[in-house]
$ cat protein.pdb   # PDB, C-alpha atoms
ATOM      1  CA  MET P   1     149.744 -63.296 116.906
ATOM      2  CA  PRO P   2     153.360 -62.955 115.712
ATOM      3  CA  SER P   3     155.157 -59.740 116.621
ATOM      4  CA  ILE P   4     156.052 -57.301 113.855
ATOM      5  CA  GLU P   5     159.324 -55.416 113.806
ATOM      6  CA  ILE P   6     158.067 -52.088 112.529
ATOM      7  CA  ALA P   7     161.517 -50.884 111.515
ATOM      8  CA  ASN P   8     161.770 -53.706 108.968
ATOM      9  CA  VAL P   9     158.327 -53.183 107.407
ATOM     10  CA  PRO P  10     158.176 -50.865 104.366
ATOM     11  CA  SER P  11     155.845 -47.933 104.996
ATOM     12  CA  LEU P  12     152.704 -47.307 102.969
ATOM     13  CA  ASP P  13     152.670 -44.241 100.727
ATOM     14  CA  LEU P  14     149.804 -41.998 101.869
ATOM     15  CA  GLU P  15     149.414 -40.434  98.429
ATOM     16  CA  LEU P  16     148.957 -43.873  96.875
ATOM     17  CA  LEU P  17     146.450 -44.756  99.602
ATOM     18  CA  ARG P  18     144.578 -41.489  98.981
ATOM     19  CA  THR P  19     144.294 -42.351  95.291
ATOM     20  CA  PHE P  20     143.190 -45.909  96.086
ATOM     21  CA  VAL P  21     140.407 -44.688  98.405
ATOM     22  CA  ALA P  22     139.291 -42.142  95.782
ATOM     23  CA  VAL P  23     139.073 -44.837  93.086
ATOM     24  CA  VAL P  24     136.978 -47.137  95.290
ATOM     25  CA  GLU P  25     134.622 -44.366  96.428
ATOM     26  CA  ALA P  26     134.269 -42.850  92.942
ATOM     27  CA  GLY P  27     133.909 -46.233  91.238
ATOM     28  CA  GLY P  28     136.300 -45.373  88.426
ATOM     29  CA  PHE P  29     139.685 -43.925  87.513
ATOM     30  CA  THR P  30     138.481 -40.797  85.707
ATOM     31  CA  ARG P  31     136.160 -39.658  88.512
ATOM     32  CA  ALA P  32     138.845 -40.457  91.061
ATOM     33  CA  GLY P  33     141.299 -38.331  89.089
ATOM     34  CA  ASN P  34     138.964 -35.358  89.422
ATOM     35  CA  ARG P  35     138.923 -35.841  93.187
ATOM     36  CA  VAL P  36     142.673 -36.087  93.670
ATOM     37  CA  HIS P  37     143.540 -33.673  90.838
ATOM     38  CA  ARG P  38     145.404 -36.265  88.779
ATOM     39  CA  THR P  39     145.017 -37.492  85.213
ATOM     40  CA  GLN P  40     143.484 -40.883  84.596
ATOM     41  CA  SER P  41     146.843 -42.290  83.494
ATOM     42  CA  THR P  42     148.525 -41.017  86.669
ATOM     43  CA  VAL P  43     145.794 -42.586  88.793
ATOM     44  CA  SER P  44     146.296 -45.897  86.977
ATOM     45  CA  GLN P  45     150.063 -45.712  87.520
ATOM     46  CA  GLN P  46     149.621 -44.997  91.236
ATOM     47  CA  ILE P  47     147.244 -47.945  91.689
ATOM     48  CA  ARG P  48     149.646 -50.204  89.792
ATOM     49  CA  LYS P  49     152.543 -49.063  92.012
ATOM     50  CA  LEU P  50     150.503 -49.699  95.173
ATOM     51  CA  GLU P  51     149.573 -53.186  93.967
ATOM     52  CA  GLU P  52     153.225 -53.905  93.145
ATOM     53  CA  ASP P  53     154.391 -52.631  96.554
ATOM     54  CA  LEU P  54     151.889 -54.850  98.366
ATOM     55  CA  GLY P  55     152.128 -57.806  96.005
ATOM     56  CA  GLN P  56     148.325 -57.937  95.891
ATOM     57  CA  ARG P  57     145.679 -57.211  93.306
ATOM     58  CA  LEU P  58     143.477 -54.551  94.887
ATOM     59  CA  LEU P  59     140.852 -53.783  92.245
ATOM     60  CA  HIS P  60     138.572 -55.655  89.885
ATOM     61  CA  ARG P  61     138.378 -53.793  86.564
ATOM     62  CA  VAL P  62     135.222 -54.473  84.522
ATOM     63  CA  GLY P  63     134.575 -52.149  81.600
ATOM     64  CA  GLY P  64     134.655 -48.584  82.878
ATOM     65  CA  SER P  65     133.934 -49.444  86.502
ATOM     66  CA  VAL P  66     136.064 -50.833  89.299
ATOM     67  CA  SER P  67     135.418 -52.542  92.629
ATOM     68  CA  PRO P  68     137.769 -53.706  95.398
ATOM     69  CA  THR P  69     139.043 -57.268  95.554
ATOM     70  CA  GLU P  70     139.046 -59.091  98.883
ATOM     71  CA  SER P  71     142.528 -57.709  99.543
ATOM     72  CA  GLY P  72     141.332 -54.268  98.482
ATOM     73  CA  GLU P  73     138.456 -54.400 100.952
ATOM     74  CA  LYS P  74     140.875 -55.294 103.743
ATOM     75  CA  LEU P  75     143.174 -52.410 102.818
ATOM     76  CA  LEU P  76     140.354 -49.855 102.463
ATOM     77  CA  GLY P  77     139.597 -49.548 106.182
ATOM     78  CA  TYR P  78     143.264 -49.199 107.088
ATOM     79  CA  ALA P  79     143.795 -46.647 104.317
ATOM     80  CA  ARG P  80     140.936 -44.458 105.531
ATOM     81  CA  ARG P  81     142.178 -44.601 109.109
ATOM     82  CA  LEU P  82     145.745 -43.720 108.111
ATOM     83  CA  LEU P  83     144.558 -40.785 105.999
ATOM     84  CA  ALA P  84     142.280 -39.552 108.783
ATOM     85  CA  ILE P  85     145.105 -39.753 111.330
ATOM     86  CA  SER P  86     147.426 -37.909 108.939
ATOM     87  CA  ALA P  87     144.859 -35.145 108.381
ATOM     88  CA  GLU P  88     144.213 -34.875 112.102
ATOM     89  CA  ALA P  89     147.928 -34.614 112.880
ATOM     90  CA  ARG P  90     148.373 -31.839 110.342
ATOM     91  CA  ALA P  91     145.370 -29.958 111.710
ATOM     92  CA  VAL P  92     146.633 -30.192 115.278
ATOM     93  CA  LEU P  93     150.177 -29.125 114.366
ATOM     94  CA  ASN P  94     149.104 -26.282 112.079
ATOM     95  CA  GLU P  95     146.632 -24.767 114.531
ATOM     96  CA  PRO P  96     147.699 -25.826 118.017
ATOM     97  CA  GLY P  97     145.155 -24.927 120.675
ATOM     98  CA  ARG P  98     143.195 -22.573 118.439
ATOM     99  CA  GLN P  99     140.664 -24.471 116.338
ATOM    100  CA  ALA P 100     138.815 -27.699 116.780
ATOM    101  CA  VAL P 101     137.875 -29.545 113.574
ATOM    102  CA  VAL P 102     134.382 -30.949 113.045
ATOM    103  CA  ARG P 103     133.834 -33.160 109.995
ATOM    104  CA  LEU P 104     130.334 -32.844 108.544
ATOM    105  CA  GLY P 105     128.806 -34.920 105.757
ATOM    106  CA  VAL P 106     126.021 -33.403 103.666
ATOM    107  CA  PRO P 107     123.789 -34.907 100.952
ATOM    108  CA  GLU P 108     124.987 -34.499  97.381
ATOM    109  CA  ASP P 109     121.732 -32.856  96.299
ATOM    110  CA  PHE P 110     122.045 -30.075  98.881
ATOM    111  CA  ALA P 111     124.010 -28.135  96.255
ATOM    112  CA  GLY P 112     122.228 -24.900  95.455
ATOM    113  CA  ARG P 113     120.398 -24.758  98.753
ATOM    114  CA  PRO P 114     121.155 -22.091 101.363
ATOM    115  CA  LEU P 115     123.154 -24.609 103.404
ATOM    116  CA  THR P 116     126.423 -22.890 102.499
ATOM    117  CA  ASP P 117     125.153 -19.578 103.875
ATOM    118  CA  LEU P 118     123.946 -21.404 106.971
ATOM    119  CA  LEU P 119     127.331 -22.975 107.621
ATOM    120  CA  SER P 120     129.019 -19.643 106.958
ATOM    121  CA  GLY P 121     126.877 -18.246 109.755
ATOM    122  CA  PHE P 122     128.093 -20.985 112.067
ATOM    123  CA  ALA P 123     131.714 -20.286 111.125
ATOM    124  CA  ARG P 124     131.251 -16.620 111.991
ATOM    125  CA  SER P 125     129.583 -17.360 115.317
ATOM    126  CA  CYS P 126     132.062 -20.112 116.281
ATOM    127  CA  PRO P 127     135.472 -19.087 114.900
ATOM    128  CA  HIS P 128     137.163 -21.564 117.246
ATOM    129  CA  ILE P 129     135.695 -24.440 115.204
ATOM    130  CA  ARG P 130     136.755 -25.321 111.685
ATOM    131  CA  LEU P 131     134.284 -27.171 109.496
ATOM    132  CA  ASP P 132     135.435 -29.870 107.091
ATOM    133  CA  THR P 133     132.489 -30.795 104.867
ATOM    134  CA  THR P 134     132.132 -33.820 102.614
ATOM    135  CA  SER P 135     129.265 -34.294 100.173
ATOM    136  CA  GLY P 136     127.940 -37.673  99.142
ATOM    137  CA  TRP P 137     124.899 -39.902  98.893
ATOM    138  CA  SER P 138     123.418 -41.152 102.143
ATOM    139  CA  ALA P 139     124.780 -44.706 101.848
ATOM    140  CA  ALA P 140     128.313 -43.343 101.402
ATOM    141  CA  LEU P 141     127.923 -40.922 104.317
ATOM    142  CA  HIS P 142     126.862 -43.790 106.567
ATOM    143  CA  ARG P 143     130.015 -45.689 105.589
ATOM    144  CA  LEU P 144     132.207 -42.671 106.314
ATOM    145  CA  LEU P 145     130.607 -42.302 109.739
ATOM    146  CA  ASP P 146     131.188 -45.983 110.493
ATOM    147  CA  ALA P 147     134.817 -45.595 109.398
ATOM    148  CA  ASP P 148     135.208 -42.626 111.778
ATOM    149  CA  GLU P 149     135.908 -40.264 108.895
ATOM    150  CA  LEU P 150     132.973 -38.011 109.789
ATOM    151  CA  ASP P 151     131.713 -36.659 113.104
ATOM    152  CA  LEU P 152     128.206 -35.696 111.956
ATOM    153  CA  ALA P 153     126.194 -36.343 108.811
ATOM    154  CA  LEU P 154     122.928 -35.149 107.341
ATOM    155  CA  VAL P 155     121.362 -38.123 105.577
ATOM    156  CA  LYS P 156     118.163 -38.833 103.648
ATOM    157  CA  ARG P 157     116.257 -41.821 104.993
ATOM    158  CA  ASP P 158     112.877 -43.429 105.724
ATOM    159  CA  VAL P 159     110.919 -41.618 108.412
ATOM    160  CA  GLY P 160     112.042 -42.731 111.863
ATOM    161  CA  ASP P 161     114.698 -45.110 110.554
ATOM    162  CA  GLY P 162     116.950 -45.274 113.596
ATOM    163  CA  ARG P 163     118.288 -42.931 116.221
ATOM    164  CA  CYS P 164     119.300 -39.380 115.384
ATOM    165  CA  LEU P 165     120.092 -36.047 116.970
ATOM    166  CA  ALA P 166     117.410 -34.230 114.975
ATOM    167  CA  ARG P 167     115.239 -34.798 111.924
ATOM    168  CA  TRP P 168     113.217 -32.788 109.440
ATOM    169  CA  PRO P 169     110.417 -34.146 107.165
ATOM    170  CA  GLU P 170     110.653 -33.962 103.384
ATOM    171  CA  ARG P 171     107.787 -34.131 100.914
ATOM    172  CA  LEU P 172     108.586 -35.793  97.598
ATOM    173  CA  ILE P 173     106.949 -34.721  94.328
ATOM    174  CA  TRP P 174     106.754 -36.512  90.967
ATOM    175  CA  VAL P 175     107.813 -34.117  88.198
ATOM    176  CA  ALA P 176     108.100 -34.193  84.415
ATOM    177  CA  GLY P 177     108.766 -31.787  81.565
ATOM    178  CA  ARG P 178     105.870 -29.742  80.242
ATOM    179  CA  THR P 179     105.437 -31.824  77.080
ATOM    180  CA  LEU P 180     106.556 -35.308  78.152
ATOM    181  CA  ASP P 181     103.976 -38.047  77.540
ATOM    182  CA  THR P 182     104.036 -39.943  80.845
ATOM    183  CA  SER P 183     101.920 -42.795  79.471
ATOM    184  CA  ILE P 184     104.684 -44.104  77.196
ATOM    185  CA  ASP P 185     106.009 -47.606  77.768
ATOM    186  CA  PRO P 186     108.571 -48.107  79.157
ATOM    187  CA  LEU P 187     108.456 -45.011  81.346
ATOM    188  CA  PRO P 188     111.723 -42.983  81.146
ATOM    189  CA  LEU P 189     113.117 -42.004  84.543
ATOM    190  CA  ALA P 190     115.611 -39.260  85.419
ATOM    191  CA  LEU P 191     117.133 -40.257  88.745
ATOM    192  CA  PHE P 192     119.991 -39.771  91.147
ATOM    193  CA  PRO P 193     122.679 -42.498  91.466
ATOM    194  CA  GLN P 194     122.333 -45.644  93.521
ATOM    195  CA  GLY P 195     122.519 -44.933  97.220
ATOM    196  CA  CYS P 196     119.956 -42.118  97.015
ATOM    197  CA  ILE P 197     116.628 -42.808  98.715
ATOM    198  CA  TYR P 198     114.748 -40.833  96.029
ATOM    199  CA  ARG P 199     115.924 -43.284  93.383
ATOM    200  CA  GLN P 200     114.830 -46.207  95.531
ATOM    201  CA  ARG P 201     111.430 -44.590  96.115
ATOM    202  CA  ALA P 202     110.900 -43.930  92.401
ATOM    203  CA  VAL P 203     111.815 -47.440  91.233
ATOM    204  CA  GLU P 204     109.778 -49.177  93.943
ATOM    205  CA  THR P 205     106.708 -47.064  93.195
ATOM    206  CA  VAL P 206     106.824 -47.571  89.421
ATOM    207  CA  GLU P 207     107.358 -51.299  89.787
ATOM    208  CA  GLY P 208     104.501 -51.413  92.302
ATOM    209  CA  LEU P 209     102.278 -50.004  89.550
ATOM    210  CA  SER P 210     103.357 -52.917  87.323
ATOM    211  CA  ARG P 211     104.791 -50.447  84.845
ATOM    212  CA  ARG P 212     107.890 -51.040  82.808
ATOM    213  CA  TRP P 213     110.568 -48.369  83.094
ATOM    214  CA  ARG P 214     113.977 -47.480  81.729
ATOM    215  CA  LEU P 215     116.777 -45.390  83.146
ATOM    216  CA  ALA P 216     116.911 -42.388  80.824
ATOM    217  CA  PHE P 217     119.243 -40.179  82.885
ATOM    218  CA  VAL P 218     121.399 -40.440  86.015
ATOM    219  CA  GLY P 219     122.603 -37.160  87.526
ATOM    220  CA  GLN P 220     125.374 -36.811  90.082
ATOM    221  CA  GLY P 221     123.868 -33.590  91.413
ATOM    222  CA  LEU P 222     120.567 -31.828  91.877
ATOM    223  CA  ALA P 223     121.030 -29.360  89.010
ATOM    224  CA  GLY P 224     121.557 -32.157  86.489
ATOM    225  CA  VAL P 225     118.388 -34.007  87.435
ATOM    226  CA  GLN P 226     116.374 -30.788  87.506
ATOM    227  CA  ALA P 227     117.564 -29.911  83.987
ATOM    228  CA  ALA P 228     116.961 -33.428  82.653
ATOM    229  CA  VAL P 229     113.380 -33.404  83.909
ATOM    230  CA  ALA P 230     112.713 -29.905  82.560
ATOM    231  CA  SER P 231     113.993 -30.883  79.110
ATOM    232  CA  GLY P 232     111.669 -33.879  78.939
ATOM    233  CA  ILE P 233     114.288 -36.622  79.228
ATOM    234  CA  GLY P 234     112.374 -38.426  81.940
ATOM    235  CA  VAL P 235     110.163 -38.361  85.012
ATOM    236  CA  GLY P 236     111.891 -37.543  88.292
ATOM    237  CA  LEU P 237     111.239 -37.482  92.004
ATOM    238  CA  LEU P 238     112.278 -34.297  93.815
ATOM    239  CA  THR P 239     111.649 -32.651  97.139
ATOM    240  CA  GLU P 240     108.983 -29.972  97.111
ATOM    241  CA  GLY P 241     111.524 -27.204  97.646
ATOM    242  CA  THR P 242     113.546 -28.175  94.549
ATOM    243  CA  VAL P 243     110.668 -28.311  92.035
ATOM    244  CA  GLN P 244     111.153 -25.597  89.404
ATOM    245  CA  ASP P 245     108.755 -23.523  87.308
ATOM    246  CA  GLU P 246     109.767 -25.538  84.223
ATOM    247  CA  HIS P 247     108.535 -28.745  85.866
ATOM    248  CA  ARG P 248     105.058 -30.239  85.657
ATOM    249  CA  ARG P 249     103.876 -31.759  88.918
ATOM    250  CA  LEU P 250     102.350 -35.223  88.698
ATOM    251  CA  GLY P 251      99.883 -36.796  91.088
ATOM    252  CA  PRO P 252      97.335 -39.595  91.464
ATOM    253  CA  SER P 253      95.174 -38.206  88.643
ATOM    254  CA  ASP P 254      98.197 -38.648  86.337
ATOM    255  CA  GLY P 255      98.788 -42.204  87.514
ATOM    256  CA  PHE P 256     101.524 -41.323  90.026
ATOM    257  CA  PRO P 257     100.562 -41.970  93.654
ATOM    258  CA  ASP P 258     101.937 -39.701  96.349
ATOM    259  CA  PRO P 259     105.350 -41.074  97.386
ATOM    260  CA  HIS P 260     105.982 -42.148 100.939
ATOM    261  CA  PRO P 261     107.580 -39.262 102.852
ATOM    262  CA  SER P 262     111.249 -39.193 103.706
ATOM    263  CA  GLU P 263     113.274 -37.150 106.133
ATOM    264  CA  VAL P 264     116.639 -35.503 106.620
ATOM    265  CA  ALA P 265     118.262 -36.783 109.799
ATOM    266  CA  LEU P 266     121.291 -35.527 111.692
ATOM    267  CA  ILE P 267     123.290 -38.515 112.898
ATOM    268  CA  ALA P 268     126.588 -38.813 114.727
ATOM    269  CA  ARG P 269     129.381 -41.361 114.939
ATOM    270  CA  LYS P 270     129.061 -43.823 117.787
ATOM    271  CA  SER P 271     131.789 -42.375 119.972
ATOM    272  CA  ARG P 272     130.993 -39.714 122.533
ATOM    273  CA  LEU P 273     130.206 -36.228 121.220
ATOM    274  CA  THR P 274     132.890 -33.644 121.940
ATOM    275  CA  LYS P 275     131.947 -30.088 122.800
ATOM    276  CA  PRO P 276     132.688 -28.701 119.285
ATOM    277  CA  ILE P 277     130.629 -31.475 117.655
ATOM    278  CA  GLY P 278     127.808 -30.758 120.089
ATOM    279  CA  GLU P 279     127.936 -27.043 119.246
ATOM    280  CA  LEU P 280     127.489 -27.740 115.531
ATOM    281  CA  ALA P 281     124.724 -30.281 116.214
ATOM    282  CA  GLU P 282     122.860 -27.768 118.366
ATOM    283  CA  PHE P 283     123.267 -25.051 115.717
ATOM    284  CA  LEU P 284     121.890 -27.314 112.980
ATOM    285  CA  ARG P 285     119.049 -28.520 115.182
ATOM    286  CA  HIS P 286     117.764 -24.973 115.584
ATOM    287  CA  THR P 287     118.471 -23.506 112.155
ATOM    288  CA  LEU P 288     118.409 -26.183 109.457
ATOM    289  CA  GLY P 289     114.630 -26.332 109.154
ATOM    290  CA  SER P 290     114.471 -22.919 107.470
ATOM    291  CA  ALA P 291     117.199 -23.908 104.989
ATOM    292  CA  LEU P 292     115.305 -27.024 103.900
ATOM    293  CA  ARG P 293     112.114 -25.180 102.988
TER     294      ARG P 293
END
$ encode --input "protein.pdb" --output "structure tokens"
Amino acid sequence: MPSIEIANVPSLDLELLRTFVAVVEAGGFTRAGNRVHRTQSTVSQQIRKLEEDLGQRLLHRVGGSVSPTESGEKLLGYARRLLAISAEARAVLNEPGRQAVVRLGVPEDFAGRPLTDLLSGFARSCPHIRLDTTSGWSAALHRLLDADELDLALVKRDVGDGRCLARWPERLIWVAGRTLDTSIDPLPLALFPQGCIYRQRAVETVEGLSRRWRLAFVGQGLAGVQAAVASGIGVGLLTEGTVQDEHRRLGPSDGFPDPHPSEVALIARKSRLTKPIGELAEFLRHTLGSALR
């Protein structure tokens, strides 16, 4: 491998890399702008500048969505590592010897649950540990763990699907609005985005019934799907604890077989657990069950 004289290599702009990672993870310029607090035009300009600096096309642009090119995929891993190292350096320099940082990933649909209060309790009991939380769908959280951008993650998955530090069962319930005719063809579905196991469960079950279906609503968060179901937009699949009074539960007598169960699992990155990470894992192992009910 040829040697590289670092002094003669132009440095990469971390802000441009941060925008690039946001665009790839969000799948579009507008959503990425919300993440990095930039306008869509500014995001586009930053991506264009990064591509010009590197002399490579980094993104495929098709309609309103984007995906990384081969060069973009190569850059993505390096960009995440550089940003993680930068964040770690700042944390160490800003709070030398006082706080350890544990990076926790949580499912997107945990919004509205008492998880925030639970983590606040941990922060009070362990003031020497600072929590950095990231929300996302399980597939994305797995990728962040593999990229060493998270220390722990709570993910939705099939029961017993791999090793974990702890796991909690979830019961899934078919729900519809009070007046929705669930015999219509094709069946309208109100689902979470791709990467969510509930969406996968719903589609596989409906197709297994040899029923036609259409995607009537996709919600980025729990509240959106709950509201869409309640208003009669489509049939949804929710955990028992998130079913609302406005929802009508569906079962085998309605033509909807009980879904296969799923679980919430606490998983860790492959490297050895540090003491602060172990403290959070132990706290969640003993307290999360009550928050999931």
$ atom_distance --input "protein.pdb" --atom1 "atom CA of Leu82 of chain P" --atom2 "atom CA of Arg269 of chain P"
17.9 Å
$ resolve_selection --input "protein.pdb" --expression "the PyMOL selection byres ((chain P and resi 193) around 7)" --output "list of chain:residue names"
P:Leu191, P:Phe192, P:Gln194, P:Gly195, P:Cys196, P:Val218, P:Gly219, P:Gln220
$ residues_near_point --input "protein.pdb" --point "(130.4, -49.2, 94.0)" --cutoff "12 Å" --atoms "all atoms listed in the file" --output "ChimeraX atom specification"
/P:21-28,59-62,64-69,73,137,139-140,193-195
$ closest_residue --input "protein.pdb" --among "P:His286, P:His37, P:Arg103, P:Arg57" --to "Glu70 of chain P" --atoms "all atoms listed in the file"
P:Arg57
$ resolve_selection --input "protein.pdb" --expression "the PyMOL selection byres ((chain P and resi 104-109) around 10)" --output "ChimeraX atom specification"
/P:101-103,110-113,115,131-142,144-145,149-156,192,196,219-225,238,242,264,266-268,277,280-281
$ axis_aligned_box --input "protein.pdb" --around "segment 139-145 of chain P" --padding-each-side "3 Å" --output "JSON"
{"center_x": 128.5, "center_y": -43.3, "center_z": 105.6, "size_x": 13.4, "size_y": 10.8, "size_z": 14.3}
$ closest_residue --input "protein.pdb" --among "P:Asp181, P:Asp117, P:Glu204, P:Glu52" --to "Gly232 of chain P" --atoms "only C-alpha atoms"
P:Asp181
$ atom_distance --input "protein.pdb" --atom1 "atom CA of Gln244 of chain P" --atom2 "atom CA of Ala176 of chain P"
10.4 Å
$ residues_around --input "protein.pdb" --residues "Tyr78 of chain P" --least-positions-apart "4" --cutoff "12 Å" --atoms "only C-alpha atoms" --output "PyMOL selection string"
chain P and resi 12+14+17-18+20-21+71-74+82-85+147-149
$ write_last_selection --input "protein.pdb" --atoms "C-alpha atoms" --output "PDB file, in the coordinates of the input"
ATOM      1  CA  LEU P  12     152.704 -47.307 102.969  1.00  0.00           C
ATOM      2  CA  LEU P  14     149.804 -41.998 101.869  1.00  0.00           C
ATOM      3  CA  LEU P  17     146.450 -44.756  99.602  1.00  0.00           C
ATOM      4  CA  ARG P  18     144.578 -41.489  98.981  1.00  0.00           C
ATOM      5  CA  PHE P  20     143.190 -45.909  96.086  1.00  0.00           C
ATOM      6  CA  VAL P  21     140.407 -44.688  98.405  1.00  0.00           C
ATOM      7  CA  SER P  71     142.528 -57.709  99.543  1.00  0.00           C
ATOM      8  CA  GLY P  72     141.332 -54.268  98.482  1.00  0.00           C
ATOM      9  CA  GLU P  73     138.456 -54.400 100.952  1.00  0.00           C
ATOM     10  CA  LYS P  74     140.875 -55.294 103.743  1.00  0.00           C
ATOM     11  CA  LEU P  82     145.745 -43.720 108.111  1.00  0.00           C
ATOM     12  CA  LEU P  83     144.558 -40.785 105.999  1.00  0.00           C
ATOM     13  CA  ALA P  84     142.280 -39.552 108.783  1.00  0.00           C
ATOM     14  CA  ILE P  85     145.105 -39.753 111.330  1.00  0.00           C
ATOM     15  CA  ALA P 147     134.817 -45.595 109.398  1.00  0.00           C
ATOM     16  CA  ASP P 148     135.208 -42.626 111.778  1.00  0.00           C
ATOM     17  CA  GLU P 149     135.908 -40.264 108.895  1.00  0.00           C
TER      18      GLU P 149
END
$ residues_near_point --input "protein.pdb" --point "(117.4, -42.1, 83.5)" --cutoff "10 Å" --atoms "all atoms listed in the file" --output "mmCIF file with C-alpha atoms, in the frame of the given file"
data_model
loop_
_atom_site.group_PDB
_atom_site.id
_atom_site.type_symbol
_atom_site.label_atom_id
_atom_site.label_comp_id
_atom_site.auth_asym_id
_atom_site.auth_seq_id
_atom_site.Cartn_x
_atom_site.Cartn_y
_atom_site.Cartn_z
ATOM 1 C CA LEU P 187 108.456 -45.011 81.346
ATOM 2 C CA PRO P 188 111.723 -42.983 81.146
ATOM 3 C CA LEU P 189 113.117 -42.004 84.543
ATOM 4 C CA ALA P 190 115.611 -39.260 85.419
ATOM 5 C CA LEU P 191 117.133 -40.257 88.745
ATOM 6 C CA PHE P 192 119.991 -39.771 91.147
ATOM 7 C CA PRO P 193 122.679 -42.498 91.466
ATOM 8 C CA TRP P 213 110.568 -48.369 83.094
ATOM 9 C CA ARG P 214 113.977 -47.480 81.729
ATOM 10 C CA LEU P 215 116.777 -45.390 83.146
ATOM 11 C CA ALA P 216 116.911 -42.388 80.824
ATOM 12 C CA PHE P 217 119.243 -40.179 82.885
ATOM 13 C CA VAL P 218 121.399 -40.440 86.015
ATOM 14 C CA GLY P 219 122.603 -37.160 87.526
ATOM 15 C CA VAL P 225 118.388 -34.007 87.435
ATOM 16 C CA ALA P 228 116.961 -33.428 82.653
ATOM 17 C CA VAL P 229 113.380 -33.404 83.909
ATOM 18 C CA ILE P 233 114.288 -36.622 79.228
ATOM 19 C CA GLY P 234 112.374 -38.426 81.940
ATOM 20 C CA VAL P 235 110.163 -38.361 85.012
ATOM 21 C CA GLY P 236 111.891 -37.543 88.292
#
